[in-house]
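Some notes on the structure that comes next.
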Amino acid sequence: KRKNPRESTNPNSEFCGFLMELAEYEKNVNRNIHKYNAYKKAASVLAAQPKRIQSGEEAKKLDGIGDKISKKIEEFIQTGKLRKIENIHNDEKAQAISMLTRVSGVGPVKAAELVKDGIITIEDLKKNKQLLNHHQLIGLKYFEDFEKKIPRSEIQAIENKLKALVFDLDSNFTITICGSFRRGKPESGDIDVLATHPSLKLGGAKKKHGETMLKRLVDHLEGLVIDVISMGDTKFMGVCRLSDNLPARRLDIRLTPSDQYHCAVLYFTGSDVFNKTMRTHALEKGFTLNEYYLRPIGSTGVPGEPVPITSEEDIFDFIEYPYKKPEERNL
Ligand code: DCP
Ligand code: MG
Ligand code: MN
């Protein structure tokens with residue numbers, strides 16, 4: 001869950017580091033999603049630069065970096081630190097909220113409630129389990145493991161095992177690992193699995209033998225899935241472990257109708273910043289895009305019938321957005 005702000009070795013990683021920290025602060029402490037998005041966008045823009053930025057002025061020329069953020073970059077270049085970050089570090093309440101939101105399932109609102117009740121550390125949480133729901137209890141149980149990034153090679157091994165189990169159940173499933181893994185990242189925070197099946201068309205995970213197809217699929221993952229956070233008709237959240245000597249990992253599985261598969265792959269591949277950029281572009285071209293379909297917006301402002309889509313490229317083509325390979329979708 002916790003993002004490593006100094007991920008990889010890009011020449012602007014110091015700037016990315018404090019921008020990601022400010023983003024998390026805005027999301028978790030101030031609950032200001034607008035500022036959260038702005039900081040995240042700025043960090044991803046800087047991370048994609050081939051050279052270290054030399055001044056606030058230079059930063060401001062980049063798309064996605066405005067006046068306030070460029071001033072922070074200038075302050076950091078001049079003084080080697082940021083007063084705003086120091087103030088946050090000295091704010092005990094902010095620190096407590098930031099710590100508690102590292103537990104999977106604990107959001108900003110819950111964290112603030114807990115801190116109000118005097119619960120400020122993970123140890124405090126362990127003594128007050130009655131305050132936590134099922135998801136939060138799982139988050140606490142695997143707290144240390146979920147903080148660890150998942151190397152690509154381990155996800156590949158999980159992919160192989162998962163496919164073997166799923167195809168043993170029904171060889172007509174299609175399984176795609178999406179998220180940061182599909183974007184080529186060397187390590188990931190969790191594993192995002194997209195599943196589809198030709199018998200699933202036009203919405204609704206058809207029930208078979210009184211239970212949903214997704215539940216049947218997950219029930220067949222014995223030996224890989226070790227805990228369930230939540231199980232819906234189309235969305236599973238849980239925990240898997242490849243072998244005893246490896247950490248427990250967060251696993252998300254989505255089951256999508258085959259005619260919505262490409263929109264689902266696009267969405268689930270991300271990044272979240274890329275999805276926002278692409279959806280904004282779609283709107284500018286008169287389309288509304290989500291994880292299910294692409295629809296033209298008529299003159300009345302009402303979305304029309306979904307556009308038929310046969311590949312990810314189709315979606316880019318329709319909204320006249322130059323195609324980006326998954327590895328180019330990190331911003
Ligand atoms: N997603 C999104 N908006 C969100 C959350 C998710 O568009 N608020 C989409 C894009 C993400 C994908 O779902 O890439 C998977 O979500 P994750 O939280 O698993 O994010 P990543 O896989 O990109 O990164 P990580 O390595 O942290 O898991
Ligand atoms: Mg992920
Ligand atoms: Mn995920």
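For the structure tokens, the naming scheme is as follows: chains receive sequential letters (A, B, ...) according to their order of presentation, residues are indexed from 1 within each chain, and ligands are indexed from 1 in presentation order.
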Could you please extract the residues within 12 Å of ligand 2, counting only C-alpha atoms and all ligand atoms, and hand them back as a PDB file with N, CA, C and O atoms, in the first residue's frame?
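Written output follows (result_35.pdb):
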ATOM      1  N   LYS A   1       0.848  -1.206   0.000  1.00  0.00           N
ATOM      2  CA  LYS A   1       0.000   0.000   0.000  1.00  0.00           C
ATOM      3  C   LYS A   1       0.876   1.245   0.000  1.00  0.00           C
ATOM      4  O   LYS A   1       0.669   2.172  -0.751  1.00  0.00           O
ATOM      5  N   ARG A   2       1.861   1.225   0.875  1.00  0.00           N
ATOM      6  CA  ARG A   2       2.776   2.360   0.987  1.00  0.00           C
ATOM      7  C   ARG A   2       3.595   2.500  -0.286  1.00  0.00           C
ATOM      8  O   ARG A   2       4.239   1.567  -0.730  1.00  0.00           O
ATOM      9  N   LYS A   3       3.598   3.675  -0.876  1.00  0.00           N
ATOM     10  CA  LYS A   3       4.409   3.890  -2.063  1.00  0.00           C
ATOM     11  C   LYS A   3       5.822   4.277  -1.618  1.00  0.00           C
ATOM     12  O   LYS A   3       5.990   5.039  -0.681  1.00  0.00           O
ATOM     13  N   PHE A 146       2.481  -6.371   3.714  1.00  0.00           N
ATOM     14  CA  PHE A 146       1.889  -5.493   2.692  1.00  0.00           C
ATOM     15  C   PHE A 146       2.721  -4.238   2.443  1.00  0.00           C
ATOM     16  O   PHE A 146       2.523  -3.549   1.443  1.00  0.00           O
ATOM     17  N   LYS A 149       7.316  -4.320  -1.277  1.00  0.00           N
ATOM     18  CA  LYS A 149       7.030  -4.332  -2.708  1.00  0.00           C
ATOM     19  C   LYS A 149       7.179  -5.757  -3.242  1.00  0.00           C
ATOM     20  O   LYS A 149       7.941  -6.562  -2.699  1.00  0.00           O
ATOM     21  N   ILE A 150       6.484  -6.048  -4.340  1.00  0.00           N
ATOM     22  CA  ILE A 150       6.526  -7.382  -4.940  1.00  0.00           C
ATOM     23  C   ILE A 150       7.403  -7.355  -6.184  1.00  0.00           C
ATOM     24  O   ILE A 150       7.109  -6.624  -7.138  1.00  0.00           O
ATOM     25  N   ARG A 152       8.964  -8.232  -9.737  1.00  0.00           N
ATOM     26  CA  ARG A 152       8.365  -8.702 -10.988  1.00  0.00           C
ATOM     27  C   ARG A 152       8.427 -10.213 -11.150  1.00  0.00           C
ATOM     28  O   ARG A 152       7.467 -10.848 -11.585  1.00  0.00           O
ATOM     29  N   ILE A 155       5.735 -11.922  -9.278  1.00  0.00           N
ATOM     30  CA  ILE A 155       4.415 -11.775  -9.912  1.00  0.00           C
ATOM     31  C   ILE A 155       4.306 -12.725 -11.101  1.00  0.00           C
ATOM     32  O   ILE A 155       3.257 -13.327 -11.338  1.00  0.00           O
ATOM     33  N   ILE A 177      -2.553  -9.962 -16.199  1.00  0.00           N
ATOM     34  CA  ILE A 177      -2.088  -9.213 -15.037  1.00  0.00           C
ATOM     35  C   ILE A 177      -1.955  -7.753 -15.467  1.00  0.00           C
ATOM     36  O   ILE A 177      -1.225  -7.450 -16.413  1.00  0.00           O
ATOM     37  N   CYS A 178      -2.646  -6.873 -14.800  1.00  0.00           N
ATOM     38  CA  CYS A 178      -2.642  -5.456 -15.175  1.00  0.00           C
ATOM     39  C   CYS A 178      -1.850  -4.634 -14.152  1.00  0.00           C
ATOM     40  O   CYS A 178      -0.820  -5.085 -13.685  1.00  0.00           O
ATOM     41  N   GLY A 179      -2.310  -3.439 -13.825  1.00  0.00           N
ATOM     42  CA  GLY A 179      -1.651  -2.591 -12.834  1.00  0.00           C
ATOM     43  C   GLY A 179      -0.207  -2.255 -13.211  1.00  0.00           C
ATOM     44  O   GLY A 179       0.176  -2.287 -14.388  1.00  0.00           O
ATOM     45  N   SER A 180       0.588  -1.926 -12.192  1.00  0.00           N
ATOM     46  CA  SER A 180       1.963  -1.489 -12.420  1.00  0.00           C
ATOM     47  C   SER A 180       2.802  -2.577 -13.091  1.00  0.00           C
ATOM     48  O   SER A 180       3.750  -2.272 -13.819  1.00  0.00           O
ATOM     49  N   PHE A 181       2.434  -3.841 -12.884  1.00  0.00           N
ATOM     50  CA  PHE A 181       3.154  -4.948 -13.533  1.00  0.00           C
ATOM     51  C   PHE A 181       3.063  -4.825 -15.055  1.00  0.00           C
ATOM     52  O   PHE A 181       4.066  -4.911 -15.767  1.00  0.00           O
ATOM     53  N   ARG A 182       1.869  -4.587 -15.547  1.00  0.00           N
ATOM     54  CA  ARG A 182       1.696  -4.476 -17.014  1.00  0.00           C
ATOM     55  C   ARG A 182       2.402  -3.237 -17.542  1.00  0.00           C
ATOM     56  O   ARG A 182       2.811  -3.198 -18.704  1.00  0.00           O
ATOM     57  N   ARG A 183       2.556  -2.222 -16.701  1.00  0.00           N
ATOM     58  CA  ARG A 183       3.282  -1.021 -17.120  1.00  0.00           C
ATOM     59  C   ARG A 183       4.791  -1.227 -17.060  1.00  0.00           C
ATOM     60  O   ARG A 183       5.564  -0.277 -17.224  1.00  0.00           O
ATOM     61  N   GLY A 184       5.219  -2.449 -16.775  1.00  0.00           N
ATOM     62  CA  GLY A 184       6.635  -2.786 -16.833  1.00  0.00           C
ATOM     63  C   GLY A 184       7.441  -2.456 -15.601  1.00  0.00           C
ATOM     64  O   GLY A 184       8.670  -2.552 -15.612  1.00  0.00           O
ATOM     65  N   LYS A 185       6.778  -2.072 -14.506  1.00  0.00           N
ATOM     66  CA  LYS A 185       7.507  -1.679 -13.297  1.00  0.00           C
ATOM     67  C   LYS A 185       8.299  -2.867 -12.743  1.00  0.00           C
ATOM     68  O   LYS A 185       7.818  -4.004 -12.772  1.00  0.00           O
ATOM     69  N   GLU A 187       8.900  -3.506  -9.667  1.00  0.00           N
ATOM     70  CA  GLU A 187       8.196  -4.038  -8.497  1.00  0.00           C
ATOM     71  C   GLU A 187       6.847  -3.354  -8.343  1.00  0.00           C
ATOM     72  O   GLU A 187       6.653  -2.239  -8.826  1.00  0.00           O
ATOM     73  N   SER A 188       5.926  -4.043  -7.660  1.00  0.00           N
ATOM     74  CA  SER A 188       4.550  -3.568  -7.562  1.00  0.00           C
ATOM     75  C   SER A 188       4.071  -3.604  -6.123  1.00  0.00           C
ATOM     76  O   SER A 188       4.606  -4.336  -5.287  1.00  0.00           O
ATOM     77  N   GLY A 189       3.016  -2.816  -5.869  1.00  0.00           N
ATOM     78  CA  GLY A 189       2.426  -2.793  -4.532  1.00  0.00           C
ATOM     79  C   GLY A 189       1.451  -3.937  -4.300  1.00  0.00           C
ATOM     80  O   GLY A 189       1.257  -4.380  -3.165  1.00  0.00           O
ATOM     81  N   ASP A 190       0.823  -4.405  -5.370  1.00  0.00           N
ATOM     82  CA  ASP A 190      -0.115  -5.527  -5.261  1.00  0.00           C
ATOM     83  C   ASP A 190      -0.174  -6.218  -6.615  1.00  0.00           C
ATOM     84  O   ASP A 190       0.569  -5.868  -7.531  1.00  0.00           O
ATOM     85  N   ILE A 191      -1.074  -7.195  -6.748  1.00  0.00           N
ATOM     86  CA  ILE A 191      -1.233  -7.913  -8.007  1.00  0.00           C
ATOM     87  C   ILE A 191      -2.660  -7.692  -8.487  1.00  0.00           C
ATOM     88  O   ILE A 191      -3.615  -7.968  -7.749  1.00  0.00           O
ATOM     89  N   ASP A 192      -2.789  -7.150  -9.687  1.00  0.00           N
ATOM     90  CA  ASP A 192      -4.095  -6.811 -10.254  1.00  0.00           C
ATOM     91  C   ASP A 192      -4.407  -7.761 -11.401  1.00  0.00           C
ATOM     92  O   ASP A 192      -3.778  -7.689 -12.452  1.00  0.00           O
ATOM     93  N   VAL A 193      -5.366  -8.628 -11.180  1.00  0.00           N
ATOM     94  CA  VAL A 193      -5.689  -9.651 -12.171  1.00  0.00           C
ATOM     95  C   VAL A 193      -7.021  -9.334 -12.832  1.00  0.00           C
ATOM     96  O   VAL A 193      -8.012  -9.083 -12.151  1.00  0.00           O
ATOM     97  N   LEU A 194      -7.014  -9.350 -14.162  1.00  0.00           N
ATOM     98  CA  LEU A 194      -8.270  -9.180 -14.899  1.00  0.00           C
ATOM     99  C   LEU A 194      -8.623 -10.518 -15.544  1.00  0.00           C
ATOM    100  O   LEU A 194      -7.787 -11.136 -16.196  1.00  0.00           O
ATOM    101  N   MET A 237     -11.252  -8.961  -3.597  1.00  0.00           N
ATOM    102  CA  MET A 237     -10.057  -8.414  -2.945  1.00  0.00           C
ATOM    103  C   MET A 237      -9.597  -9.423  -1.913  1.00  0.00           C
ATOM    104  O   MET A 237     -10.406  -9.894  -1.107  1.00  0.00           O
ATOM    105  N   ARG A 249       0.773 -11.376  -0.092  1.00  0.00           N
ATOM    106  CA  ARG A 249       0.618 -10.279  -1.056  1.00  0.00           C
ATOM    107  C   ARG A 249      -0.846  -9.939  -1.253  1.00  0.00           C
ATOM    108  O   ARG A 249      -1.699 -10.829  -1.295  1.00  0.00           O
ATOM    109  N   ARG A 250      -1.106  -8.639  -1.461  1.00  0.00           N
ATOM    110  CA  ARG A 250      -2.471  -8.208  -1.788  1.00  0.00           C
ATOM    111  C   ARG A 250      -2.797  -8.601  -3.224  1.00  0.00           C
ATOM    112  O   ARG A 250      -2.024  -8.354  -4.143  1.00  0.00           O
ATOM    113  N   LEU A 251      -3.952  -9.224  -3.401  1.00  0.00           N
ATOM    114  CA  LEU A 251      -4.393  -9.683  -4.719  1.00  0.00           C
ATOM    115  C   LEU A 251      -5.775  -9.118  -5.026  1.00  0.00           C
ATOM    116  O   LEU A 251      -6.693  -9.252  -4.214  1.00  0.00           O
ATOM    117  N   ASP A 252      -5.914  -8.447  -6.173  1.00  0.00           N
ATOM    118  CA  ASP A 252      -7.213  -7.968  -6.646  1.00  0.00           C
ATOM    119  C   ASP A 252      -7.555  -8.738  -7.911  1.00  0.00           C
ATOM    120  O   ASP A 252      -6.710  -8.868  -8.799  1.00  0.00           O
ATOM    121  N   ILE A 253      -8.786  -9.237  -8.000  1.00  0.00           N
ATOM    122  CA  ILE A 253      -9.231  -9.887  -9.234  1.00  0.00           C
ATOM    123  C   ILE A 253     -10.533  -9.234  -9.685  1.00  0.00           C
ATOM    124  O   ILE A 253     -11.438  -9.034  -8.877  1.00  0.00           O
ATOM    125  N   TYR A 267      -8.341   0.533 -18.148  1.00  0.00           N
ATOM    126  CA  TYR A 267      -8.541   1.108 -16.819  1.00  0.00           C
ATOM    127  C   TYR A 267      -7.604   0.462 -15.799  1.00  0.00           C
ATOM    128  O   TYR A 267      -6.907   1.142 -15.038  1.00  0.00           O
ATOM    129  N   PHE A 268      -7.592  -0.876 -15.793  1.00  0.00           N
ATOM    130  CA  PHE A 268      -6.902  -1.610 -14.724  1.00  0.00           C
ATOM    131  C   PHE A 268      -5.380  -1.568 -14.908  1.00  0.00           C
ATOM    132  O   PHE A 268      -4.632  -1.898 -14.007  1.00  0.00           O
ATOM    133  N   THR A 269      -4.916  -1.155 -16.093  1.00  0.00           N
ATOM    134  CA  THR A 269      -3.474  -1.003 -16.316  1.00  0.00           C
ATOM    135  C   THR A 269      -2.985   0.338 -15.763  1.00  0.00           C
ATOM    136  O   THR A 269      -1.859   0.450 -15.304  1.00  0.00           O
ATOM    137  N   GLY A 270      -3.865   1.338 -15.786  1.00  0.00           N
ATOM    138  CA  GLY A 270      -3.475   2.626 -15.232  1.00  0.00           C
ATOM    139  C   GLY A 270      -2.395   3.315 -16.030  1.00  0.00           C
ATOM    140  O   GLY A 270      -2.240   3.056 -17.212  1.00  0.00           O
ATOM    141  N   SER A 271      -1.563   4.185 -15.381  1.00  0.00           N
ATOM    142  CA  SER A 271      -1.670   4.497 -13.961  1.00  0.00           C
ATOM    143  C   SER A 271      -2.949   5.297 -13.672  1.00  0.00           C
ATOM    144  O   SER A 271      -3.625   5.727 -14.602  1.00  0.00           O
ATOM    145  N   ASP A 272      -3.221   5.530 -12.404  1.00  0.00           N
ATOM    146  CA  ASP A 272      -4.394   6.334 -12.071  1.00  0.00           C
ATOM    147  C   ASP A 272      -4.263   7.747 -12.640  1.00  0.00           C
ATOM    148  O   ASP A 272      -5.245   8.313 -13.150  1.00  0.00           O
TER     149      ASP A 272
END
message = What's around His281 (chain A) at 8 Å? Count only C-alpha atoms, leave out sequence neighbours fewer than 3 positions away in its own chain, and write the answer as a list in words.
response = Thr277, Met278, Glu284, Lys285, Ile319 and Tyr321 of chain A
task = Give me every strand (DSSP E or B) residue in region 98-292 of chain A, going by DSSP on the backbone, as a ChimeraX atom specification.
result = /A:150-151,174-177,187-188,191-197,207-208,211-212,222,225-231,235-240,249-257,287-289
Please produce, as CSV, a per-residue contact table for region 82-148 of chain A versus region 25-29 of chain A (criterion: any atom at most 9 Å away, only C-alpha atoms considered), showing the nearest atom pair and its distance in Å to one decimal, sorted by chain then residue number.
residue,atom,partner,partner_atom,distance
A:Ile88,CA,A:Tyr25,CA,8.2
A:Lys93,CA,A:Val29,CA,8.7
A:Ala94,CA,A:Val29,CA,6.0
A:Gln95,CA,A:Val29,CA,8.8
A:Ile97,CA,A:Val29,CA,6.4
A:Ser98,CA,A:Asn28,CA,6.4
A:Thr101,CA,A:Asn28,CA,7.0
A:Gly107,CA,A:Asn28,CA,7.2
A:Pro108,CA,A:Asn28,CA,4.6
A:Val109,CA,A:Asn28,CA,8.1
A:Ala111,CA,A:Asn28,CA,8.2
A:Ala112,CA,A:Val29,CA,7.8
query = CA of Phe236 (chain A) to atom 6 (C, counted along the ligand's line) of ligand 1: how many Å, to one decimal?
reply =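 Atom-to-atom, CA of Phe236 (chain A) and atom 6 (C, counted along the ligand's line) of ligand 1 are spaced 14.1 Å apart.
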message = DSSP on the backbone, helix (DSSP H, G or I) only: what residues of region 8-65 of chain A does that give? Format it as JSON, numbers by chain.
response = {"A": [13, 14, 15, 16, 17, 18, 19, 20, 21, 22, 23, 24, 25, 26, 27, 28, 33, 34, 35, 36, 37, 38, 39, 40, 41, 42, 43, 44, 45, 46, 47, 56, 57, 58, 59, 60]}
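The protein and nucleic acid residues lying at most 12 Å from Ala164 (chain A) are Ala157, Ile158, Glu159, Leu169, Asp170, Ser171, Phe173, Thr174, Ile175, Leu217, His220, Leu221, Glu222, Gly223 and Leu224 of chain A, with only C-alpha atoms considered and sequence neighbours fewer than 5 positions away removed.
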Written selection (C-alpha atoms) as a PDB file, in the first residue's frame:
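Everything below was put into out_24.pdb:
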ATOM      1  CA  ALA A 157       5.497 -16.953 -10.845  1.00  0.00           C
ATOM      2  CA  ILE A 158       2.125 -16.068  -9.284  1.00  0.00           C
ATOM      3  CA  GLU A 159       0.735 -15.479 -12.783  1.00  0.00           C
ATOM      4  CA  LEU A 169     -11.242 -25.062 -13.822  1.00  0.00           C
ATOM      5  CA  ASP A 170     -12.107 -23.760 -17.301  1.00  0.00           C
ATOM      6  CA  SER A 171      -9.654 -23.277 -20.160  1.00  0.00           C
ATOM      7  CA  PHE A 173     -10.928 -17.958 -19.223  1.00  0.00           C
ATOM      8  CA  THR A 174      -8.589 -15.166 -20.329  1.00  0.00           C
ATOM      9  CA  ILE A 175      -6.287 -13.900 -17.569  1.00  0.00           C
ATOM     10  CA  LEU A 217     -12.831 -19.065  -9.804  1.00  0.00           C
ATOM     11  CA  HIS A 220     -10.338 -22.926  -7.250  1.00  0.00           C
ATOM     12  CA  LEU A 221      -7.271 -20.918  -6.163  1.00  0.00           C
ATOM     13  CA  GLU A 222      -6.662 -23.020  -3.063  1.00  0.00           C
ATOM     14  CA  GLY A 223      -2.970 -23.076  -2.268  1.00  0.00           C
ATOM     15  CA  LEU A 224      -2.524 -19.536  -3.580  1.00  0.00           C
TER      16      LEU A 224
END
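In terms of minimum interatomic distance to Leu140 (chain A), A:Leu125 ranks closest within A:Leu125, A:Leu331, A:Leu22, A:Ile33, counting only C-alpha atoms.
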ask   = Nearest to ligand 3: which of A:Ile138, A:Leu294, A:Val239, A:Ile73 is it, counting only C-alpha atoms and all ligand atoms?
value = A:Val239
message = Measuring between only C-alpha atoms and all ligand atoms, which one of A:Gln260, A:Ser104, A:Asn12, A:Asn172 shows the shortest distance to ligand 3?
response =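 Of the candidates, the smallest distance to ligand 3 is held by A:Ser104.
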query = So what do you get for CA of Cys240 (chain A) versus CA of Ile226 (chain A), distance-wise?
reply =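 Between CA of Cys240 (chain A) and CA of Ile226 (chain A) the gap works out to 5.2 Å.
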query = What does the distance between CA of Val103 (chain A) and atom 11 (C, counted along the ligand's line) of ligand 1 come to in Å, to one decimal place?
reply =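 If I compute the distance from CA of Val103 (chain A) to atom 11 (C, counted along the ligand's line) of ligand 1, I get 18.8 Å.
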ask   = Neighbours of region 133-136 of chain A within 9 Å (only C-alpha atoms; same-chain residues fewer than 6 positions away dropped), as an MDAnalysis selection string?
value = chainID A and resid 103:106 228:230
Serialized selection, N, CA, C and O atoms, as a PDB file, in the first residue's frame:
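Okay, again_6.pdb is ready:
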ATOM      1  N   VAL A 103      -2.268   1.042   7.004  1.00  0.00           N
ATOM      2  CA  VAL A 103      -2.969  -0.236   7.163  1.00  0.00           C
ATOM      3  C   VAL A 103      -4.011  -0.359   6.055  1.00  0.00           C
ATOM      4  O   VAL A 103      -4.855   0.534   5.891  1.00  0.00           O
ATOM      5  N   SER A 104      -3.951  -1.451   5.290  1.00  0.00           N
ATOM      6  CA  SER A 104      -4.926  -1.657   4.214  1.00  0.00           C
ATOM      7  C   SER A 104      -6.338  -1.626   4.783  1.00  0.00           C
ATOM      8  O   SER A 104      -6.628  -2.302   5.777  1.00  0.00           O
ATOM      9  N   GLY A 105      -7.201  -0.809   4.192  1.00  0.00           N
ATOM     10  CA  GLY A 105      -8.584  -0.702   4.656  1.00  0.00           C
ATOM     11  C   GLY A 105      -8.835   0.474   5.575  1.00  0.00           C
ATOM     12  O   GLY A 105      -9.975   0.835   5.834  1.00  0.00           O
ATOM     13  N   VAL A 106      -7.765   1.071   6.106  1.00  0.00           N
ATOM     14  CA  VAL A 106      -7.919   2.262   6.952  1.00  0.00           C
ATOM     15  C   VAL A 106      -7.765   3.489   6.053  1.00  0.00           C
ATOM     16  O   VAL A 106      -6.678   3.766   5.550  1.00  0.00           O
ATOM     17  N   VAL A 228      -9.566 -13.760   2.337  1.00  0.00           N
ATOM     18  CA  VAL A 228     -10.503 -12.978   1.524  1.00  0.00           C
ATOM     19  C   VAL A 228     -10.800 -11.683   2.262  1.00  0.00           C
ATOM     20  O   VAL A 228     -11.126 -11.698   3.447  1.00  0.00           O
ATOM     21  N   ILE A 229     -10.655 -10.557   1.555  1.00  0.00           N
ATOM     22  CA  ILE A 229     -11.067  -9.271   2.127  1.00  0.00           C
ATOM     23  C   ILE A 229     -12.515  -9.027   1.764  1.00  0.00           C
ATOM     24  O   ILE A 229     -13.350  -8.758   2.611  1.00  0.00           O
ATOM     25  N   SER A 230     -12.820  -9.148   0.460  1.00  0.00           N
ATOM     26  CA  SER A 230     -14.201  -8.995   0.031  1.00  0.00           C
ATOM     27  C   SER A 230     -14.415  -9.752  -1.270  1.00  0.00           C
ATOM     28  O   SER A 230     -13.489  -9.909  -2.075  1.00  0.00           O
TER      29      SER A 230
END
request  = Select, from A:Val265, A:Lys325, A:Glu92, A:Asp259, the residue with the minimum atom-to-atom distance to Pro306 (chain A), counting only C-alpha atoms.
outcome  =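 Ranking A:Val265, A:Lys325, A:Glu92, A:Asp259 by distance to Pro306 (chain A), first place goes to A:Asp259.
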All residues 9 Å or closer to Phe274 (chain A), only C-alpha atoms, same chain fewer than 5 positions away omitted, as a PyMOL selection string = chain A and resi 41+279+329-331
Take the residues that were just selected and, keeping N, CA, C and O atoms, output them as a compact mmCIF listing (two decimals), in the first residue's frame.
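Result saved to selection_33.txt:
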# COMPACT_ATOMS: atom_id res chain seq x y z
N LYS A 41 0.56 14.19 -10.08
CA LYS A 41 0.81 14.49 -11.49
C LYS A 41 2.20 15.13 -11.65
O LYS A 41 2.99 14.73 -12.50
N ARG A 279 -9.07 10.32 -19.66
CA ARG A 279 -10.51 10.59 -19.56
C ARG A 279 -10.82 12.07 -19.83
O ARG A 279 -11.83 12.39 -20.46
N ARG A 329 2.65 4.49 -19.89
CA ARG A 329 1.47 5.02 -19.19
C ARG A 329 1.75 5.28 -17.72
O ARG A 329 0.86 5.22 -16.88
N ASN A 330 3.03 5.54 -17.39
CA ASN A 330 3.36 5.79 -15.99
C ASN A 330 3.12 7.24 -15.60
O ASN A 330 3.38 7.64 -14.48
N LEU A 331 2.65 8.06 -16.55
CA LEU A 331 2.24 9.42 -16.20
C LEU A 331 1.03 9.81 -17.04
O LEU A 331 0.66 9.09 -17.95
